[in-house]
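Containing mmCIF, C-alpha atoms: coords.cif.
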```
data_final
loop_
_atom_site.label_atom_id
_atom_site.label_comp_id
_atom_site.auth_asym_id
_atom_site.auth_seq_id
_atom_site.Cartn_x
_atom_site.Cartn_y
_atom_site.Cartn_z
CA MET R 1440 -24.29 23.49 32.95
CA ALA R 1441 -22.28 21.55 30.34
CA ALA R 1442 -19.71 19.04 31.56
CA VAL R 1443 -16.12 19.99 30.83
CA GLY R 1444 -14.06 17.73 28.57
CA ARG R 1445 -16.91 15.72 27.08
CA HIS R 1446 -16.06 14.54 23.55
CA PHE R 1447 -19.47 13.60 22.22
CA PRO R 1448 -20.28 15.07 18.78
CA PRO R 1449 -22.91 17.78 18.55
CA PRO R 1450 -26.42 16.27 18.17
CA CYS R 1451 -26.89 17.98 14.80
CA LEU R 1452 -24.08 15.86 13.30
CA LEU R 1453 -26.00 12.68 13.91
CA PHE R 1454 -28.83 13.92 11.71
CA LEU R 1455 -26.49 15.15 8.98
CA LEU R 1456 -24.57 11.89 8.49
CA PRO R 1457 -26.96 10.13 6.06
CA SER R 1458 -27.60 13.15 3.88
CA LEU R 1459 -24.11 14.46 3.14
CA LEU R 1460 -22.14 14.01 -0.07
CA LEU R 1461 -20.24 10.77 -0.68
CA ILE R 1462 -16.68 11.22 -1.90
CA ILE R 1463 -15.37 8.20 -3.85
CA CYS R 1464 -11.63 7.84 -4.40
CA GLN R 1465 -10.80 4.82 -6.55
CA ASP R 1466 -7.17 5.30 -7.44
CA GLY R 1467 -6.12 8.59 -5.98
CA GLU R 1468 -5.76 10.73 -2.95
CA ALA R 1469 -8.67 11.91 -0.86
CA THR R 1470 -7.91 15.61 -0.93
CA GLU R 1471 -10.63 17.61 0.58
CA GLU R 1472 -8.43 18.55 3.43
CA GLY R 1473 -6.39 17.53 6.36
CA GLY R 1474 -6.97 16.82 9.92
CA GLY R 1475 -5.81 14.27 12.40
CA LEU R 1476 -6.84 11.97 15.19
CA HIS R 1477 -6.29 13.34 18.62
CA PRO R 1478 -2.86 11.92 19.61
CA SER R 1479 -2.85 9.49 22.51
CA SER R 1480 0.20 11.11 24.11
CA PRO R 1481 1.99 14.48 24.00
CA GLY R 1482 4.29 15.00 21.05
CA ASP R 1483 2.61 12.52 18.68
CA ASN R 1484 2.02 15.29 16.15
CA GLY R 1485 5.63 16.38 16.17
CA ASP R 1486 4.95 19.54 18.25
CA PRO R 1487 7.73 19.90 20.86
CA THR R 1488 5.90 22.63 22.78
CA GLY R 1489 4.02 20.28 25.07
CA PRO R 1490 0.66 18.53 25.45
CA ASP R 1491 -2.08 19.41 23.02
CA PRO R 1492 -5.33 20.97 24.24
CA VAL R 1493 -8.20 18.63 24.92
CA PRO R 1494 -10.35 18.49 21.75
CA THR R 1495 -13.86 19.82 21.96
CA ALA R 1496 -16.90 18.48 20.13
CA GLU R 1497 -16.78 21.54 17.87
CA SER R 1498 -13.20 20.71 16.71
CA ARG R 1499 -14.02 17.15 15.67
CA PHE R 1500 -15.74 15.72 12.62
CA ALA R 1501 -16.75 12.31 11.33
CA LEU R 1502 -14.62 10.40 8.84
CA LYS R 1503 -16.57 7.49 7.39
CA VAL R 1504 -14.67 4.86 5.37
CA LEU R 1505 -16.54 2.48 3.08
CA VAL R 1506 -14.54 -0.59 1.97
CA LEU R 1507 -15.63 -2.34 -1.22
CA ASP R 1508 -14.44 -5.25 -3.35
CA SER R 1509 -12.96 -3.55 -6.43
CA VAL R 1510 -14.29 -6.25 -8.78
CA THR R 1511 -17.85 -6.77 -7.51
CA LEU R 1512 -18.19 -3.37 -5.76
CA LYS R 1513 -19.85 -5.20 -2.86
CA PRO R 1514 -19.20 -4.06 0.74
CA LEU R 1515 -16.51 -5.91 2.67
CA PRO R 1516 -17.54 -6.55 6.28
CA GLY R 1517 -14.76 -7.39 8.72
CA ALA R 1518 -12.12 -5.44 6.78
CA SER R 1519 -9.51 -3.64 8.85
CA VAL R 1520 -9.16 0.12 8.46
CA SER R 1521 -6.18 1.78 10.12
CA VAL R 1522 -5.52 5.50 10.46
CA TYR R 1523 -1.93 6.82 10.47
CA LEU R 1524 -0.85 10.24 11.64
CA ASN R 1525 2.78 11.21 11.02
CA HIS R 1526 3.48 7.58 10.07
CA THR R 1527 2.21 6.27 13.41
CA MET R 1528 -0.94 4.18 13.59
CA THR R 1529 -3.31 6.04 15.89
CA SER R 1530 -6.52 4.06 15.43
CA SER R 1531 -7.80 0.88 13.84
CA ALA R 1532 -11.24 -0.71 13.54
CA GLN R 1533 -13.13 -3.30 11.51
CA THR R 1534 -15.92 -2.53 9.09
CA GLU R 1535 -19.50 -3.51 9.90
CA LEU R 1536 -21.80 -5.60 7.70
CA SER R 1537 -22.33 -2.53 5.53
CA GLY R 1538 -18.58 -2.30 4.89
CA GLU R 1539 -18.44 0.99 6.80
CA VAL R 1540 -16.53 2.25 9.79
CA ILE R 1541 -16.60 5.73 11.35
CA PHE R 1542 -13.73 7.58 13.03
CA TRP R 1543 -14.10 10.83 14.96
CA ILE R 1544 -11.24 13.09 13.94
CA GLU R 1545 -9.88 16.16 15.66
CA HIS R 1546 -9.15 18.81 13.06
CA ARG R 1547 -5.55 20.02 13.00
CA PRO R 1548 -4.39 22.46 10.30
CA GLN R 1549 -1.47 21.37 8.10
CA LEU R 1550 -1.75 17.69 9.05
CA SER R 1551 -2.66 14.75 6.86
CA LEU R 1552 -3.59 11.13 7.37
CA THR R 1553 -3.08 7.82 5.65
CA LEU R 1554 -5.96 5.36 5.59
CA LEU R 1555 -5.04 1.70 5.17
CA GLY R 1556 -7.65 -0.85 4.13
CA ASN R 1557 -6.79 -4.52 4.56
CA LYS R 1558 -8.55 -7.87 4.61
CA ARG R 1559 -7.37 -11.43 4.16
CA GLY R 1560 -7.67 -12.41 0.53
CA TYR R 1561 -7.13 -8.83 -0.69
CA VAL R 1562 -4.20 -6.56 -1.53
CA PRO R 1563 -3.69 -3.90 1.19
CA ARG R 1564 -4.54 -0.38 0.00
CA PRO R 1565 -3.05 2.80 1.53
CA LEU R 1566 -4.85 6.04 0.69
CA PRO R 1567 -3.49 9.51 1.51
CA TRP R 1568 -6.14 11.80 2.99
CA SER R 1569 -5.77 15.52 3.64
CA THR R 1570 -7.86 18.62 4.21
CA SER R 1571 -7.26 22.33 4.74
CA ARG R 1572 -10.73 23.10 6.10
CA ARG R 1573 -12.66 21.36 8.82
CA PRO R 1574 -15.49 19.40 7.22
CA VAL R 1575 -18.64 18.34 9.00
CA LEU R 1576 -18.30 14.89 7.47
CA SER R 1577 -15.90 13.21 5.05
CA VAL R 1578 -16.86 9.92 3.40
CA VAL R 1579 -14.14 7.99 1.57
CA THR R 1580 -14.39 4.74 -0.38
CA LEU R 1581 -11.52 2.25 -0.36
CA LEU R 1582 -11.52 -0.33 -3.15
CA LEU R 1583 -9.61 -3.53 -2.31
CA LEU R 1584 -8.34 -5.80 -5.08
CA PRO R 1585 -8.79 -9.57 -4.50
CA HIS R 1586 -5.69 -11.74 -4.54
CA ALA R 1587 -5.09 -13.71 -7.73
CA GLN R 1588 -3.93 -17.29 -7.38
CA GLY R 1589 -0.61 -17.94 -9.09
CA ASN R 1590 0.92 -20.97 -10.74
CA ILE R 1591 3.66 -22.68 -8.76
CA TRP R 1592 6.47 -25.02 -9.81
CA LEU R 1593 8.54 -26.84 -7.20
CA PHE R 1594 11.94 -27.94 -8.50
CA GLU R 1595 14.75 -29.72 -6.70
CA ASP R 1596 16.64 -26.49 -6.13
CA SER R 1597 14.11 -23.68 -6.53
CA VAL R 1598 10.50 -22.53 -6.36
CA LEU R 1599 8.95 -20.61 -9.26
CA ILE R 1600 5.68 -18.66 -9.00
CA THR R 1601 4.07 -17.10 -12.07
CA GLY R 1602 0.96 -15.00 -12.46
CA LYS R 1603 -0.95 -13.08 -15.06
CA ARG R 1604 -0.39 -9.48 -16.00
CA PRO R 1605 -3.36 -7.07 -15.92
CA GLY R 1606 -5.62 -7.51 -18.94
CA THR R 1607 -4.37 -11.01 -19.85
CA SER R 1608 -5.49 -14.52 -19.08
CA GLY R 1609 -2.05 -15.64 -17.94
CA GLY R 1610 0.00 -18.61 -19.05
CA THR R 1611 0.39 -22.06 -17.58
CA ARG R 1612 3.30 -23.20 -19.71
CA LEU R 1613 6.73 -22.72 -18.18
CA GLU R 1614 8.18 -21.36 -21.42
CA GLU R 1615 5.60 -18.55 -21.35
CA SER R 1616 6.73 -17.30 -17.97
CA SER R 1617 9.18 -14.70 -19.34
CA SER R 1618 6.29 -12.52 -20.52
CA HIS R 1619 4.34 -12.81 -17.27
CA PRO R 1620 5.09 -11.75 -13.68
CA LYS R 1621 7.26 -14.29 -11.92
CA VAL R 1622 9.02 -14.82 -8.61
CA MET R 1623 11.77 -17.33 -7.89
CA PHE R 1624 13.64 -18.29 -4.73
CA PRO R 1625 15.77 -21.23 -3.47
CA LYS R 1626 13.72 -24.23 -2.39
CA ASN R 1627 15.53 -24.46 0.95
CA LEU R 1628 13.73 -21.26 1.99
CA LEU R 1629 10.40 -23.06 1.72
CA ILE R 1630 9.83 -24.49 5.19
CA THR R 1631 6.47 -25.99 6.10
CA SER R 1632 5.28 -27.48 9.36
CA SER R 1633 5.84 -31.19 9.94
CA ARG R 1634 2.10 -31.77 9.72
CA SER R 1635 1.77 -30.25 6.26
CA ASN R 1636 2.29 -31.82 2.88
CA ILE R 1637 4.21 -29.94 0.18
CA THR R 1638 1.25 -30.38 -2.14
CA SER R 1639 -0.78 -28.14 0.20
CA VAL R 1640 1.26 -25.06 -0.79
CA THR R 1641 -0.77 -22.33 -2.53
CA ALA R 1642 0.71 -19.21 -4.12
CA TYR R 1643 -0.92 -15.84 -4.75
CA LEU R 1644 0.69 -13.40 -7.16
CA THR R 1645 -1.32 -10.25 -7.83
CA VAL R 1646 -0.27 -7.39 -10.11
CA PRO R 1647 -2.57 -4.36 -9.71
CA GLU R 1648 -3.04 -2.12 -12.73
CA HIS R 1649 -1.60 1.39 -12.46
CA HIS R 1650 -2.44 4.53 -14.42
CA GLN R 1651 0.36 7.07 -14.77
CA ALA R 1652 -1.44 10.36 -14.20
CA ARG R 1653 0.40 13.66 -14.38
CA ASP R 1654 -1.54 15.01 -11.43
CA CYS R 1655 -0.45 12.03 -9.29
CA THR R 1656 -4.01 10.78 -8.93
CA GLY R 1657 -2.78 7.25 -8.33
CA CYS R 1658 0.07 8.20 -6.03
CA THR R 1659 0.76 6.29 -2.84
CA PRO R 1660 2.65 7.40 0.32
CA GLY R 1661 6.38 6.68 0.53
CA LEU R 1662 9.19 7.36 2.99
CA ILE R 1663 12.81 8.28 2.29
CA GLY R 1664 15.69 9.07 4.60
CA GLY R 1665 17.29 7.25 7.48
CA GLY R 1666 18.71 7.62 10.95
CA GLY R 1667 15.45 7.21 12.82
CA ARG R 1668 11.81 8.17 12.45
CA SER R 1669 12.52 11.89 12.87
CA ALA R 1670 14.77 11.90 9.78
CA LEU R 1671 12.15 10.32 7.50
CA ARG R 1672 10.57 12.42 4.79
CA SER R 1673 7.24 11.77 3.10
CA VAL R 1674 7.02 11.55 -0.69
CA SER R 1675 4.23 10.77 -3.14
CA LEU R 1676 5.09 7.76 -5.30
CA ASN R 1677 3.64 7.04 -8.73
CA PRO R 1678 4.31 3.29 -9.27
CA VAL R 1679 5.18 1.93 -12.70
CA VAL R 1680 4.40 -1.61 -11.52
CA SER R 1681 3.57 -3.39 -8.27
CA VAL R 1682 3.11 -6.92 -7.00
CA SER R 1683 1.70 -8.77 -4.02
CA ILE R 1684 3.23 -12.21 -3.39
CA LEU R 1685 1.91 -14.50 -0.67
CA LEU R 1686 2.48 -18.18 0.00
CA PHE R 1687 0.23 -20.39 2.13
CA CYS R 1688 0.41 -23.97 3.32
CA ASP R 1689 -3.11 -24.95 4.29
CA ASP R 1690 -4.18 -21.89 6.37
CA GLU R 1691 -0.68 -20.91 7.46
CA GLN R 1692 1.08 -18.03 5.69
CA LEU R 1693 4.69 -18.94 4.95
CA GLN R 1694 7.35 -16.34 5.69
CA ILE R 1695 10.06 -16.54 3.04
CA ARG R 1696 13.22 -14.68 4.05
CA GLY R 1697 16.13 -14.66 1.66
CA PRO R 1698 16.96 -13.80 -1.93
CA VAL R 1699 13.66 -13.58 -3.84
CA GLN R 1700 14.03 -12.74 -7.52
CA ILE R 1701 11.13 -10.63 -8.85
CA SER R 1702 10.54 -10.08 -12.58
CA LEU R 1703 7.62 -7.89 -13.66
CA PRO R 1704 6.76 -6.93 -17.27
CA LEU R 1705 6.34 -3.18 -17.80
CA LYS R 1706 3.47 -1.80 -19.81
CA PRO R 1707 4.31 0.03 -23.06
CA GLY R 1708 4.60 3.79 -23.16
CA LEU R 1709 6.77 4.31 -20.08
CA ARG R 1710 9.85 6.49 -20.44
CA LEU R 1711 12.17 3.62 -19.59
CA ARG R 1712 14.97 1.83 -21.40
CA ALA R 1713 17.02 -1.29 -20.78
CA ALA R 1714 19.61 -0.79 -17.98
CA ASP R 1715 17.57 2.01 -16.33
CA THR R 1716 17.18 1.72 -12.57
CA VAL R 1717 13.87 2.17 -10.74
CA PRO R 1718 13.73 2.24 -6.92
CA ALA R 1719 12.07 -0.69 -5.15
CA TRP R 1720 9.75 -0.09 -2.18
CA ALA R 1721 8.31 -2.53 0.38
CA PHE R 1722 5.20 -1.74 2.37
CA ASN R 1723 5.74 -1.05 6.08
CA PHE R 1724 2.56 -1.79 8.03
CA ASN R 1725 3.97 -0.12 11.15
CA MET R 1726 4.23 3.23 9.36
CA GLY R 1727 1.50 2.88 6.75
CA ALA R 1728 3.83 3.77 3.87
CA TRP R 1729 6.29 2.33 1.33
CA GLU R 1730 9.94 2.23 2.38
CA ASN R 1731 12.79 2.29 -0.11
CA GLN R 1732 14.71 -0.98 -0.33
CA GLY R 1733 17.23 -0.22 -3.06
CA LEU R 1734 17.10 -0.28 -6.84
CA GLY R 1735 15.63 -2.60 -9.42
CA VAL R 1736 16.97 -2.80 -12.97
CA VAL R 1737 15.06 -2.66 -16.26
CA LYS R 1738 15.99 -5.41 -18.71
CA ARG R 1739 14.87 -6.21 -22.23
CA VAL R 1740 13.48 -9.69 -22.92
CA GLY R 1741 12.51 -10.00 -26.57
CA ASP R 1742 10.31 -7.03 -27.39
CA GLU R 1743 9.37 -6.35 -23.78
CA LEU R 1744 10.89 -4.45 -20.88
CA ILE R 1745 11.06 -6.27 -17.55
CA TRP R 1746 11.70 -4.73 -14.14
CA THR R 1747 13.89 -7.08 -12.08
CA TYR R 1748 14.77 -6.91 -8.41
CA THR R 1749 16.17 -9.23 -5.74
CA ALA R 1750 13.96 -8.80 -2.67
CA SER R 1751 14.66 -9.81 0.91
CA HIS R 1752 11.21 -11.35 1.43
CA LEU R 1753 7.81 -12.00 -0.10
CA GLY R 1754 5.00 -9.54 0.48
CA HIS R 1755 3.99 -6.27 -1.14
CA TRP R 1756 6.38 -4.41 -3.47
CA ILE R 1757 6.24 -1.53 -5.91
CA ALA R 1758 8.65 -0.05 -8.45
CA ALA R 1759 8.36 3.72 -8.38
CA PRO R 1760 10.69 6.57 -9.35
CA LEU R 1761 11.37 9.35 -6.92
CA PRO R 1762 9.33 12.52 -7.52
CA SER R 1763 11.11 15.00 -9.79
CA SER R 1764 11.55 17.39 -6.87
CA GLU R 1765 13.66 14.86 -4.97
CA ASN R 1766 17.34 14.16 -5.59
CA VAL R 1767 18.55 11.82 -2.89
CA PRO R 1768 20.99 8.90 -2.77
CA ILE R 1769 19.46 5.42 -2.96
CA LYS R 1770 21.20 2.17 -2.13
CA ASP R 1771 21.60 -0.14 -5.08
CA PRO R 1772 21.37 -3.97 -4.92
CA GLU R 1773 25.18 -4.29 -4.87
CA GLY R 1774 25.56 -2.08 -1.82
CA GLY R 1775 26.63 1.09 -3.65
CA ARG R 1776 24.72 4.34 -3.83
CA HIS R 1777 23.15 6.02 -6.84
CA VAL R 1778 21.74 9.51 -7.14
CA LEU R 1779 18.79 9.58 -9.50
CA PRO R 1780 18.84 12.79 -11.57
CA ASN R 1781 15.59 14.68 -11.80
CA SER R 1782 15.68 14.53 -15.59
CA GLN R 1783 15.64 10.73 -15.64
CA TRP R 1784 11.86 10.66 -15.27
#
```

Mind turning this structure into structure tokens?
Amino acid sequence: MAAVGRHFPPPCLLFLLPSLLLIICQDGEATEEGGGLHPSSPGDNGDPTGPDPVPTAESRFALKVLVLDSVTLKPLPGASVSVYLNHTMTSSAQTELSGEVIFWIEHRPQLSLTLLGNKRGYVPRPLPWSTSRRPVLSVVTLLLLPHAQGNIWLFEDSVLITGKRPGTSGGTRLEESSSHPKVMFPKNLLITSSRSNITSVTAYLTVPEHHQARDCTGCTPGLIGGGGRSALRSVSLNPVVSVSILLFCDDEQLQIRGPVQISLPLKPGLRLRAADTVPAWAFNFNMGAWENQGLGVVKRVGDELIWTYTASHLGHWIAAPLPSSENVPIKDPEGGRHVLPNSQW
């Protein structure tokens, strides 16, 4: 007689794992259907009716995540993979030597997940994942971009970090910095431990390359709204530019809190003009999505368009317009509120 409540997968699944189709998602969403991890407590899936039924082996399937270096395409052992359901992290594990990790997922109709790959030395990568049918196995590949070391200038009153834009070699002359990504903040925000020397400071400024696809292949999960988690609404963001800015002193990551001026060159061909505003979004690791942090402004410098924004901290930022179906007020950098018309994009 079978034991009640056992959650082991059917034996046939174990034989099917090596032979099923590999689904590789480099820049886009893994869309072969939804599903969700079994919540750890009642109500985690937003259902107010009470506790969920105990999942059976027949209602679960395997979700295998393979994490690779996007440059070398080699597996990344020890990478962290987190699974988010309804913007709450429900599970997290590290990849094995093969770069793989397996989660057992309980299928729930009309639910979707976000998979977050992260490893020190790489840019974090969130990937939306959804399904409408219960698969036997889903295999997803996460490509992580290595951090790029930036150039750093320490002045008496400020710190300047410059990097290279995608497809260029980057510049090391200060006068070239207007055409390359740059970040500047007051020097008094740079605080190192008493044991460290200022010459030990290392900057990383990475600008991933984005492809503007009409079908939102490269979209990333965002959150809009306010007044608590229940008032948040999910949106799919198609970034025009993004940046990852980290500062280390020896092995210690420095937390810079204060006015951080970000200037990022925009690639040609975007439907943007000088004085246009593009919302700024910071990545929230607690929710596995990008949160709106106000508006950045497009400026013209010579023959180029530059997206500028004053951030509250270093870290991971994107500039992305709201989807055309959304028409919501966004706070601007001066504290006012703007409503972005659908026709702007």

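The nearest approach to Glu1545 (chain R) among the residues R:Cys1655, R:Leu1582, R:Val1640, R:Leu1502, with all atoms listed in the file taken into account, belongs to R:Leu1502.
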
Given all atoms listed in the file, how would the per-residue table for region 1509-1576 of chain R near region 1674-1697 of chain R read, listing every residue at most 10 Å away with its closest atom pair and distance in Å to one decimal, sorted by chain and number, as a Markdown table?
```
| residue | atom | partner | partner_atom | distance |
| --- | --- | --- | --- | --- |
| R:Gly1560 | CA | R:Leu1685 | CA | 9.9 |
| R:Tyr1561 | CA | R:Ser1683 | CA | 9.4 |
| R:Val1562 | CA | R:Ser1683 | CA | 6.8 |
| R:Pro1563 | CA | R:Ser1683 | CA | 8.9 |
| R:Pro1567 | CA | R:Ser1675 | CA | 9.1 |
```

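For the atom pair formed by CA of Ala1532 (chain R) and CA of Gly1661 (chain R), the distance is 23.1 Å, given to one decimal.
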
Between R:Pro1707, R:Pro1625, R:Pro1514, R:Pro1565, which is the closest to Leu1744 (chain R) once you count all atoms listed in the file? R:Pro1707

If you count only C-alpha atoms, the residue of R:Ser1551, R:Ser1537, R:Ser1530, R:Asn1590 closest to Pro1516 (chain R) turns out to be R:Ser1537

I'd like to see the residues matched by the PyMOL selection byres ((chain R and resi 1575) around 8) on this file, and ideally I'd get them as a ChimeraX atom specification. /R:1452,1500-1501,1573-1574,1576-1577

What would the selection look like, as an MDAnalysis selection string, if the PyMOL selection byres ((chain R and resi 1556) around 9) were run on the coordinates I just shared? chainID R and resid 1506 1518:1521 1554:1555 1557:1558 1562:1566 1581:1583

For a quick check of understanding, using only C-alpha atoms, which of R:Trp1729, R:Trp1592, R:Tyr1523, R:Phe1724 has the smallest distance to Ser1569 (chain R)? R:Tyr1523

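CA of Gly1733 (chain R) lies 9.8 Å from CA of Ala1721 (chain R).
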
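The two atoms in question, CA of Thr1511 (chain R) and CA of Pro1704 (chain R), are spaced 26.5 Å apart.
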
For this file, the PyMOL selection byres ((chain R and resi 1505) around 9) selects which residues, as an MDAnalysis selection string? chainID R and resid 1503:1504 1506:1507 1514:1515 1534 1537:1541 1578:1582

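Nearest-residue note for Trp1568 (chain R): choosing from R:Gly1754, R:Pro1647, R:Pro1660, R:Pro1585, the minimum distance belongs to R:Pro1660, counting all atoms listed in the file.
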